[in-house]
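What follows is the content of query.cif (mmCIF, C-alpha atoms).
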```cif
data_start
loop_
_atom_site.label_atom_id
_atom_site.label_comp_id
_atom_site.auth_asym_id
_atom_site.auth_seq_id
_atom_site.Cartn_x
_atom_site.Cartn_y
_atom_site.Cartn_z
CA MET A 1 -43.06 -52.72 3.04
CA ARG A 2 -43.72 -53.54 6.68
CA GLN A 3 -41.17 -51.91 9.03
CA LEU A 4 -40.98 -54.89 11.37
CA ILE A 5 -37.29 -54.99 12.26
CA VAL A 6 -37.13 -51.19 12.49
CA GLY A 7 -40.20 -51.20 14.70
CA PHE A 8 -38.74 -53.83 17.01
CA PHE A 9 -35.59 -51.78 17.56
CA ALA A 10 -37.65 -48.64 18.05
CA VAL A 11 -39.79 -50.24 20.76
CA PHE A 12 -36.75 -51.47 22.66
CA ALA A 13 -35.09 -48.07 22.33
CA GLN A 14 -37.52 -46.58 24.83
CA SER A 15 -35.59 -45.65 27.97
CA SER A 16 -36.40 -46.11 31.64
CA MET A 17 -34.67 -43.41 33.65
CA PRO A 18 -34.55 -45.07 37.12
CA TYR A 19 -32.17 -47.79 35.88
CA ALA A 20 -29.51 -45.67 34.23
CA TRP A 21 -25.80 -46.06 34.86
CA GLN A 22 -24.10 -42.68 34.77
CA GLY A 23 -20.87 -43.04 32.80
CA THR A 24 -18.02 -40.80 33.79
CA GLY A 25 -16.18 -40.54 30.47
CA SER A 26 -17.28 -39.96 26.91
CA LEU A 27 -17.39 -41.58 23.51
CA PRO A 28 -17.56 -39.38 20.43
CA LEU A 29 -20.87 -38.93 18.67
CA GLY A 30 -21.18 -41.08 15.57
CA LEU A 31 -19.18 -44.18 14.69
CA SER A 32 -15.77 -44.92 16.19
CA SER A 33 -13.39 -47.84 16.54
CA VAL A 34 -12.54 -48.58 20.17
CA GLN A 35 -9.79 -50.76 21.65
CA VAL A 36 -10.41 -52.93 24.69
CA TRP A 37 -8.20 -55.33 26.66
CA GLN A 38 -9.54 -58.70 27.81
CA GLY A 39 -7.52 -61.60 29.13
CA GLY A 40 -4.26 -59.97 28.09
CA VAL A 41 -5.45 -59.63 24.47
CA GLN A 42 -6.19 -56.32 22.78
CA ARG A 43 -9.39 -56.42 20.76
CA ARG A 44 -11.64 -53.82 19.23
CA PHE A 45 -15.30 -53.02 18.67
CA LEU A 46 -17.27 -50.39 16.82
CA ALA A 47 -19.17 -47.91 18.98
CA TYR A 48 -22.01 -45.72 17.75
CA VAL A 49 -23.50 -42.82 19.70
CA PRO A 50 -26.52 -41.06 18.15
CA SER A 51 -26.34 -37.31 17.60
CA SER A 52 -29.33 -36.87 19.95
CA TYR A 53 -27.37 -38.27 22.93
CA ARG A 54 -26.96 -36.02 25.95
CA PRO A 55 -25.07 -37.17 29.08
CA GLN A 56 -27.90 -36.13 31.39
CA ALA A 57 -30.31 -38.59 29.70
CA ASN A 58 -29.75 -42.34 29.46
CA VAL A 59 -29.49 -44.25 26.21
CA PRO A 60 -30.39 -47.85 25.30
CA LEU A 61 -27.52 -50.06 24.12
CA TRP A 62 -27.52 -52.82 21.52
CA ILE A 63 -24.72 -55.38 21.35
CA LEU A 64 -24.23 -56.47 17.72
CA ALA A 65 -22.70 -59.79 16.65
CA HIS A 66 -21.72 -60.48 13.03
CA GLY A 67 -21.74 -63.75 11.09
CA SER A 68 -18.90 -66.17 10.33
CA ASP A 69 -15.89 -64.75 8.49
CA ASP A 70 -17.50 -61.31 8.69
CA SER A 71 -16.78 -58.08 10.55
CA PRO A 72 -18.79 -55.44 12.41
CA GLU A 73 -18.51 -53.25 9.32
CA ILE A 74 -20.19 -55.93 7.18
CA PHE A 75 -22.90 -56.35 9.81
CA LEU A 76 -23.64 -52.62 9.61
CA SER A 77 -23.79 -52.81 5.81
CA MET A 78 -26.31 -55.64 5.75
CA SER A 79 -28.49 -54.45 8.64
CA ASN A 80 -28.53 -50.66 8.12
CA MET A 81 -28.16 -50.48 11.90
CA GLN A 82 -26.38 -47.13 11.94
CA ARG A 83 -29.36 -45.41 10.33
CA MET A 84 -31.78 -47.12 12.75
CA ALA A 85 -29.66 -46.09 15.75
CA GLU A 86 -29.60 -42.48 14.65
CA ARG A 87 -33.31 -42.41 13.90
CA HIS A 88 -34.43 -44.07 17.13
CA GLY A 89 -31.78 -42.74 19.48
CA PHE A 90 -29.94 -45.84 20.69
CA ALA A 91 -26.23 -46.60 20.98
CA PHE A 92 -24.60 -49.80 19.83
CA ALA A 93 -21.38 -51.75 20.25
CA GLY A 94 -20.45 -53.91 17.26
CA LEU A 95 -18.41 -56.87 18.47
CA GLU A 96 -15.56 -58.33 16.42
CA GLY A 97 -14.81 -62.04 16.56
CA ILE A 98 -11.21 -63.24 16.43
CA ASN A 99 -10.44 -64.27 12.84
CA GLY A 100 -14.03 -63.36 11.99
CA ASP A 101 -15.67 -65.88 14.34
CA PHE A 102 -17.24 -66.02 17.79
CA ASN A 103 -16.68 -68.98 20.11
CA VAL A 104 -20.09 -70.63 19.92
CA GLY A 105 -21.00 -74.17 18.92
CA ARG A 106 -23.85 -76.63 19.25
CA ASP A 107 -26.68 -75.71 21.65
CA ALA A 108 -25.21 -72.19 22.00
CA ASN A 109 -22.30 -73.42 24.11
CA ALA A 110 -18.61 -72.63 23.64
CA GLU A 111 -17.32 -74.39 20.52
CA ASN A 112 -13.83 -74.58 22.01
CA PRO A 113 -13.54 -74.37 25.81
CA TYR A 114 -9.90 -73.37 25.35
CA GLY A 115 -10.69 -70.83 22.65
CA PRO A 116 -11.30 -67.08 22.90
CA ASP A 117 -13.33 -65.96 25.91
CA ASP A 118 -15.89 -64.07 23.88
CA VAL A 119 -18.31 -63.82 26.80
CA GLY A 120 -15.56 -62.11 28.82
CA TYR A 121 -14.79 -59.91 25.81
CA THR A 122 -18.46 -58.88 25.62
CA MET A 123 -18.38 -58.01 29.31
CA ALA A 124 -15.26 -55.89 28.76
CA VAL A 125 -17.00 -54.08 25.88
CA MET A 126 -20.07 -53.37 28.01
CA GLN A 127 -17.89 -52.11 30.84
CA GLN A 128 -16.04 -49.80 28.45
CA VAL A 129 -19.27 -48.41 27.03
CA THR A 130 -21.01 -47.94 30.39
CA LYS A 131 -17.96 -46.11 31.73
CA ASN A 132 -18.27 -43.62 28.91
CA LEU A 133 -22.01 -43.31 28.29
CA ASN A 134 -25.08 -42.91 30.44
CA VAL A 135 -26.54 -46.34 29.56
CA ASP A 136 -30.01 -47.53 30.46
CA MET A 137 -29.12 -50.83 32.14
CA GLN A 138 -32.63 -52.19 31.55
CA ARG A 139 -32.25 -51.69 27.80
CA ILE A 140 -29.14 -53.68 26.89
CA ARG A 141 -30.06 -56.03 24.03
CA CYS A 142 -28.22 -58.30 21.62
CA ALA A 143 -28.76 -58.51 17.86
CA GLY A 144 -26.95 -61.02 15.70
CA PHE A 145 -26.82 -62.61 12.25
CA SER A 146 -26.00 -66.28 11.59
CA ARG A 147 -23.12 -67.25 13.91
CA GLY A 148 -23.66 -63.92 15.66
CA ALA A 149 -27.29 -64.91 16.23
CA ARG A 150 -26.11 -68.11 17.87
CA PHE A 151 -23.70 -66.04 19.98
CA CYS A 152 -26.55 -63.74 21.09
CA SER A 153 -28.41 -66.90 22.11
CA ARG A 154 -25.38 -67.83 24.20
CA LEU A 155 -25.18 -64.36 25.77
CA ALA A 156 -28.88 -64.55 26.67
CA SER A 157 -27.94 -67.56 28.80
CA GLU A 158 -24.54 -66.50 30.15
CA LEU A 159 -25.10 -62.76 30.66
CA SER A 160 -28.80 -62.53 31.49
CA ASN A 161 -27.99 -60.17 34.38
CA PHE A 162 -27.16 -57.63 31.68
CA ILE A 163 -28.74 -58.77 28.40
CA THR A 164 -32.48 -58.08 28.56
CA GLY A 165 -33.61 -59.18 25.10
CA VAL A 166 -32.39 -60.59 21.78
CA ALA A 167 -33.17 -60.10 18.09
CA VAL A 168 -31.64 -62.75 15.84
CA VAL A 169 -31.59 -63.34 12.10
CA SER A 170 -30.84 -66.73 10.53
CA GLY A 171 -29.48 -68.35 13.68
CA VAL A 172 -31.82 -68.65 16.68
CA ARG A 173 -30.76 -71.35 19.15
CA TYR A 174 -31.92 -72.45 22.56
CA PRO A 175 -28.96 -72.80 24.97
CA MET A 176 -28.64 -76.17 26.66
CA PRO A 177 -28.25 -75.73 29.52
CA ASN A 178 -29.99 -72.38 29.70
CA ASN A 179 -28.46 -70.41 32.58
CA ALA A 180 -30.65 -67.31 32.16
CA THR A 181 -32.08 -66.04 35.43
CA ARG A 182 -34.88 -64.03 33.82
CA ALA A 183 -37.47 -64.45 31.10
CA MET A 184 -35.88 -63.30 27.83
CA PRO A 185 -37.84 -61.37 25.17
CA LEU A 186 -36.85 -62.71 21.76
CA ILE A 187 -37.63 -62.14 18.10
CA ALA A 188 -36.18 -64.43 15.43
CA PHE A 189 -36.24 -64.10 11.65
CA HIS A 190 -35.56 -67.18 9.51
CA GLY A 191 -35.99 -68.24 5.90
CA THR A 192 -37.44 -71.65 5.11
CA MET A 193 -34.83 -72.18 2.36
CA ASP A 194 -31.82 -71.23 4.48
CA ALA A 195 -29.14 -73.68 3.28
CA VAL A 196 -26.56 -72.64 5.91
CA ASN A 197 -28.69 -73.02 9.05
CA PRO A 198 -31.62 -75.16 7.83
CA TYR A 199 -35.05 -74.20 9.11
CA LYS A 200 -35.96 -77.85 9.76
CA GLY A 201 -32.71 -78.58 11.60
CA GLN A 202 -29.83 -81.03 11.04
CA GLY A 203 -27.29 -79.62 8.57
CA PRO A 204 -23.89 -78.69 10.04
CA GLU A 205 -22.79 -80.39 13.27
CA TYR A 206 -23.14 -77.15 15.22
CA TRP A 207 -26.77 -76.60 14.17
CA GLY A 208 -28.85 -79.52 15.40
CA THR A 209 -32.50 -78.88 16.21
CA SER A 210 -35.05 -77.05 14.07
CA VAL A 211 -35.92 -73.37 14.30
CA ASP A 212 -39.43 -74.25 15.48
CA ASP A 213 -37.99 -76.37 18.29
CA ALA A 214 -35.59 -73.63 19.43
CA VAL A 215 -38.36 -71.02 19.47
CA GLN A 216 -40.77 -73.32 21.31
CA ARG A 217 -38.14 -74.01 23.98
CA TRP A 218 -37.70 -70.27 24.52
CA ALA A 219 -41.48 -69.85 24.76
CA THR A 220 -41.64 -72.65 27.34
CA PHE A 221 -38.74 -71.14 29.29
CA ASN A 222 -40.54 -67.78 29.34
CA GLY A 223 -43.77 -69.39 30.50
CA CYS A 224 -45.76 -68.21 27.48
CA LYS A 225 -49.40 -69.33 27.49
CA THR A 226 -50.76 -68.39 24.08
CA GLN A 227 -49.64 -68.49 20.46
CA HIS A 228 -51.05 -66.52 17.54
CA TRP A 229 -50.21 -66.61 13.84
CA LYS A 230 -50.49 -63.57 11.60
CA ARG A 231 -49.69 -63.09 7.92
CA LEU A 232 -47.45 -60.08 7.33
CA GLY A 233 -47.05 -60.51 3.57
CA SER A 234 -47.48 -63.03 0.80
CA GLN A 235 -44.26 -64.75 1.91
CA VAL A 236 -44.02 -63.72 5.55
CA LEU A 237 -45.75 -65.24 8.61
CA GLU A 238 -45.44 -64.20 12.24
CA SER A 239 -45.85 -66.62 15.14
CA ARG A 240 -46.09 -64.79 18.47
CA HIS A 241 -45.98 -66.52 21.85
CA SER A 242 -47.50 -64.15 24.41
CA ASP A 243 -48.91 -64.03 27.94
CA CYS A 244 -45.36 -64.77 29.10
CA ARG A 245 -43.56 -64.09 32.37
CA ASP A 246 -42.55 -60.43 32.65
CA ASN A 247 -44.16 -59.76 29.24
CA ALA A 248 -41.23 -61.55 27.57
CA ASP A 249 -42.89 -62.44 24.28
CA VAL A 250 -41.21 -64.86 21.88
CA THR A 251 -41.76 -64.11 18.19
CA LEU A 252 -40.76 -66.02 15.07
CA VAL A 253 -40.95 -64.30 11.69
CA LEU A 254 -40.90 -67.00 9.02
CA VAL A 255 -39.95 -66.05 5.45
CA THR A 256 -41.24 -68.63 2.97
CA GLY A 257 -38.49 -69.27 0.44
CA GLY A 258 -36.12 -66.95 2.28
CA GLY A 259 -32.40 -67.71 2.29
CA HIS A 260 -29.55 -67.06 4.70
CA THR A 261 -30.16 -63.34 4.49
CA TRP A 262 -31.27 -60.23 6.40
CA PRO A 263 -34.86 -59.17 5.53
CA GLY A 264 -35.14 -55.86 3.72
CA SER A 265 -31.39 -55.58 3.16
CA MET A 266 -29.82 -54.17 0.02
CA TYR A 267 -26.58 -56.03 0.79
CA ASN A 268 -25.30 -58.50 -1.83
CA PHE A 269 -25.61 -61.93 -0.20
CA GLY A 270 -24.33 -63.73 -3.31
CA ASP A 271 -25.56 -67.32 -3.48
CA LEU A 272 -27.00 -67.36 0.06
CA GLY A 273 -30.56 -67.15 -1.21
CA TYR A 274 -33.61 -64.94 -1.52
CA VAL A 275 -33.95 -61.63 0.38
CA THR A 276 -37.52 -60.60 1.15
CA HIS A 277 -38.45 -56.93 0.96
CA GLU A 278 -41.94 -57.39 2.34
CA ILE A 279 -40.49 -56.56 5.77
CA ALA A 280 -37.52 -54.47 6.84
#
```
Rewritten as structure tokens:
Amino acid sequence: MRQLIVGFFAVFAQSSMPYAWQGTGSLPLGLSSVQVWQGGVQRRFLAYVPSSYRPQANVPLWILAHGSDDSPEIFLSMSNMQRMAERHGFAFAGLEGINGDFNVGRDANAENPYGPDDVGYTMAVMQQVTKNLNVDMQRIRCAGFSRGARFCSRLASELSNFITGVAVVSGVRYPMPNNATRAMPLIAFHGTMDAVNPYKGQGPEYWGTSVDDAVQRWATFNGCKTQHWKRLGSQVLESRHSDCRDNADVTLVLVTGGGHTWPGSMYNFGDLGYVTHEIA
């Protein structure tokens, strides 16, 4: 089984000491539930600090965004992110949408302009974490599944001063307009038989364009000059756009016959389709 997702998180867990932000407080090692206030509303997130963390050395941070009607706990169950964080030495903050949803609609814009300010909530979470951990500010990334993947696409546009890369499963979108002020490294995983967010586009009103179109728009935005295809397994193909500005490659991992699922996961996705175990 090819350790593709694990490898991606491992690569982006490499720290760069000159860009650290020295937090003044502390979060406990391991997993904890943390309260945060934003816009007069108390919300929470899950924080994870690896056992290898020491305040004198910085740590990469991943922002995690779950799918519709889910929770950060479910995201951890399907992604095995806690084990990856411990193994590769990164921290994470698992966001929690109000009533199980994040405010993101078509083209990775706000679904309801009068709804929850989830971008502001994400900022409040990052501020809380960076106050309490020595975070490498050049290694803040976003990983999301389904609606959470669409929300990471939105954060890549709205918070590009902080978010420096995204990894999305079953939900890559290109924000229109795209307000990012930097090239954005991106890797997207998507099944060709995803019935929730169809690979070829259309489907629900919020979905719109195809996965190929969204990925190509990111590659164009990043100024990528070359594209290479590589077979990773009997059902898995990788399309990598490279020679991009600031080395911000754009990669699509296509799972033939794959459903609305997380590759390599042992989670029970019910009737959401096939889960490949050729990559993890």
When distances are computed from all atoms listed in the file, which of A:Gln56, A:Gln42, A:Ser68, A:Ser32 shows the smallest separation from Gln82 (chain A)?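 Distance minimum relative to Gln82 (chain A) lands on A:Ser32.
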Evaluate the PyMOL selection byres ((chain A and resi 33-41) around 12) here and jot the selected residues down as a ChimeraX atom specification. /A:26-32,42-49,72-73,92-96,98,115-129,132
Could you tell me how far CA of Val211 (chain A) sits from CA of Tyr199 (chain A), in Å to one decimal place?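 One can read the CA of Tyr199 (chain A) to CA of Val211 (chain A) distance as 5.3 Å.
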Could you state the separation of CA of Arg245 (chain A) and CA of Ala280 (chain A) in Å, given to one decimal place?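 Separating CA of Arg245 (chain A) from CA of Ala280 (chain A) is a distance of 27.9 Å.
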For Asn222 (chain A), which residue among A:Asn179, A:Ser242, A:Asn268, A:Gln138 is the nearest when counting all atoms listed in the file?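 Closest to Asn222 (chain A), using all atoms listed in the file: A:Ser242.
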Export: region 255-268 of chain A, all heavy atoms, as an mmCIF file, in the first residue's frame:
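Dumped to out_6.cif:
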```cif
data_model
loop_
_atom_site.group_PDB
_atom_site.id
_atom_site.type_symbol
_atom_site.label_atom_id
_atom_site.label_comp_id
_atom_site.auth_asym_id
_atom_site.auth_seq_id
_atom_site.Cartn_x
_atom_site.Cartn_y
_atom_site.Cartn_z
ATOM 1 N N VAL A 255 -9.009 8.302 -8.061
ATOM 2 C CA VAL A 255 -9.285 6.916 -7.696
ATOM 3 C C VAL A 255 -10.405 6.400 -8.591
ATOM 4 O O VAL A 255 -11.569 6.793 -8.444
ATOM 5 C CB VAL A 255 -9.684 6.790 -6.214
ATOM 6 C CG1 VAL A 255 -9.947 5.325 -5.865
ATOM 7 C CG2 VAL A 255 -8.596 7.372 -5.315
ATOM 8 N N THR A 256 -10.066 5.543 -9.535
ATOM 9 C CA THR A 256 -11.053 4.982 -10.457
ATOM 10 C C THR A 256 -12.039 4.112 -9.687
ATOM 11 O O THR A 256 -11.644 3.166 -9.001
ATOM 12 C CB THR A 256 -10.370 4.152 -11.549
ATOM 13 O OG1 THR A 256 -9.418 4.973 -12.242
ATOM 14 C CG2 THR A 256 -11.389 3.613 -12.539
ATOM 15 N N GLY A 257 -13.316 4.466 -9.773
ATOM 16 C CA GLY A 257 -14.348 3.726 -9.055
ATOM 17 C C GLY A 257 -14.498 4.127 -7.600
ATOM 18 O O GLY A 257 -15.361 3.591 -6.891
ATOM 19 N N GLY A 258 -13.663 5.056 -7.146
ATOM 20 C CA GLY A 258 -13.722 5.475 -5.750
ATOM 21 C C GLY A 258 -14.975 6.268 -5.444
ATOM 22 O O GLY A 258 -15.491 7.005 -6.286
ATOM 23 N N GLY A 259 -15.458 6.154 -4.211
ATOM 24 C CA GLY A 259 -16.659 6.857 -3.787
ATOM 25 C C GLY A 259 -16.335 8.119 -3.011
ATOM 26 O O GLY A 259 -15.249 8.689 -3.128
ATOM 27 N N HIS A 260 -17.307 8.551 -2.208
ATOM 28 C CA HIS A 260 -17.154 9.746 -1.382
ATOM 29 C C HIS A 260 -16.512 9.307 -0.067
ATOM 30 O O HIS A 260 -17.161 9.249 0.985
ATOM 31 C CB HIS A 260 -18.534 10.380 -1.154
ATOM 32 C CG HIS A 260 -18.473 11.774 -0.593
ATOM 33 N ND1 HIS A 260 -18.004 12.842 -1.302
ATOM 34 C CD2 HIS A 260 -18.837 12.261 0.621
ATOM 35 C CE1 HIS A 260 -18.084 13.944 -0.574
ATOM 36 N NE2 HIS A 260 -18.568 13.607 0.610
ATOM 37 N N THR A 261 -15.218 8.987 -0.152
ATOM 38 C CA THR A 261 -14.538 8.311 0.939
ATOM 39 C C THR A 261 -13.107 8.810 1.071
ATOM 40 O O THR A 261 -12.575 9.467 0.183
ATOM 41 C CB THR A 261 -14.513 6.787 0.696
ATOM 42 O OG1 THR A 261 -13.879 6.528 -0.577
ATOM 43 C CG2 THR A 261 -15.920 6.212 0.688
ATOM 44 N N TRP A 262 -12.473 8.455 2.192
ATOM 45 C CA TRP A 262 -11.080 8.826 2.468
ATOM 46 C C TRP A 262 -10.190 7.628 2.146
ATOM 47 O O TRP A 262 -10.331 6.562 2.743
ATOM 48 C CB TRP A 262 -10.937 9.202 3.939
ATOM 49 C CG TRP A 262 -9.601 9.754 4.329
ATOM 50 C CD1 TRP A 262 -8.439 9.041 4.474
ATOM 51 C CD2 TRP A 262 -9.271 11.112 4.609
ATOM 52 N NE1 TRP A 262 -7.406 9.874 4.836
ATOM 53 C CE2 TRP A 262 -7.897 11.167 4.925
ATOM 54 C CE3 TRP A 262 -10.005 12.304 4.640
ATOM 55 C CZ2 TRP A 262 -7.234 12.329 5.268
ATOM 56 C CZ3 TRP A 262 -9.352 13.482 4.980
ATOM 57 C CH2 TRP A 262 -7.985 13.491 5.284
ATOM 58 N N PRO A 263 -9.251 7.763 1.195
ATOM 59 C CA PRO A 263 -8.400 6.624 0.809
ATOM 60 C C PRO A 263 -7.660 6.009 1.988
ATOM 61 O O PRO A 263 -7.108 6.715 2.832
ATOM 62 C CB PRO A 263 -7.415 7.253 -0.187
ATOM 63 C CG PRO A 263 -8.153 8.425 -0.756
ATOM 64 C CD PRO A 263 -8.969 8.962 0.384
ATOM 65 N N GLY A 264 -7.660 4.684 2.028
ATOM 66 C CA GLY A 264 -6.932 3.960 3.061
ATOM 67 C C GLY A 264 -7.628 3.874 4.398
ATOM 68 O O GLY A 264 -7.122 3.241 5.321
ATOM 69 N N SER A 265 -8.807 4.476 4.518
ATOM 70 C CA SER A 265 -9.490 4.541 5.807
ATOM 71 C C SER A 265 -10.188 3.224 6.146
ATOM 72 O O SER A 265 -10.695 2.520 5.271
ATOM 73 C CB SER A 265 -10.521 5.674 5.778
ATOM 74 O OG SER A 265 -11.238 5.725 6.999
ATOM 75 N N MET A 266 -10.229 2.921 7.434
ATOM 76 C CA MET A 266 -10.991 1.778 7.927
ATOM 77 C C MET A 266 -12.362 2.206 8.445
ATOM 78 O O MET A 266 -13.113 1.392 8.974
ATOM 79 C CB MET A 266 -10.211 1.082 9.052
ATOM 80 C CG MET A 266 -8.838 0.563 8.627
ATOM 81 S SD MET A 266 -8.918 -0.565 7.201
ATOM 82 C CE MET A 266 -9.800 -1.940 7.948
ATOM 83 N N TYR A 267 -12.686 3.475 8.298
ATOM 84 C CA TYR A 267 -13.972 4.009 8.752
ATOM 85 C C TYR A 267 -15.104 3.423 7.910
ATOM 86 O O TYR A 267 -14.942 3.161 6.707
ATOM 87 C CB TYR A 267 -13.947 5.531 8.633
ATOM 88 C CG TYR A 267 -15.174 6.245 9.136
ATOM 89 C CD1 TYR A 267 -15.363 6.462 10.494
ATOM 90 C CD2 TYR A 267 -16.148 6.718 8.252
ATOM 91 C CE1 TYR A 267 -16.476 7.129 10.961
ATOM 92 C CE2 TYR A 267 -17.264 7.388 8.707
ATOM 93 C CZ TYR A 267 -17.435 7.591 10.055
ATOM 94 O OH TYR A 267 -18.543 8.252 10.514
ATOM 95 N N ASN A 268 -16.269 3.242 8.522
ATOM 96 C CA ASN A 268 -17.442 2.726 7.813
ATOM 97 C C ASN A 268 -18.179 3.881 7.130
ATOM 98 O O ASN A 268 -18.878 4.650 7.786
ATOM 99 C CB ASN A 268 -18.363 1.994 8.788
ATOM 100 C CG ASN A 268 -19.586 1.406 8.097
ATOM 101 O OD1 ASN A 268 -19.706 1.441 6.868
ATOM 102 N ND2 ASN A 268 -20.500 0.851 8.877
#
```
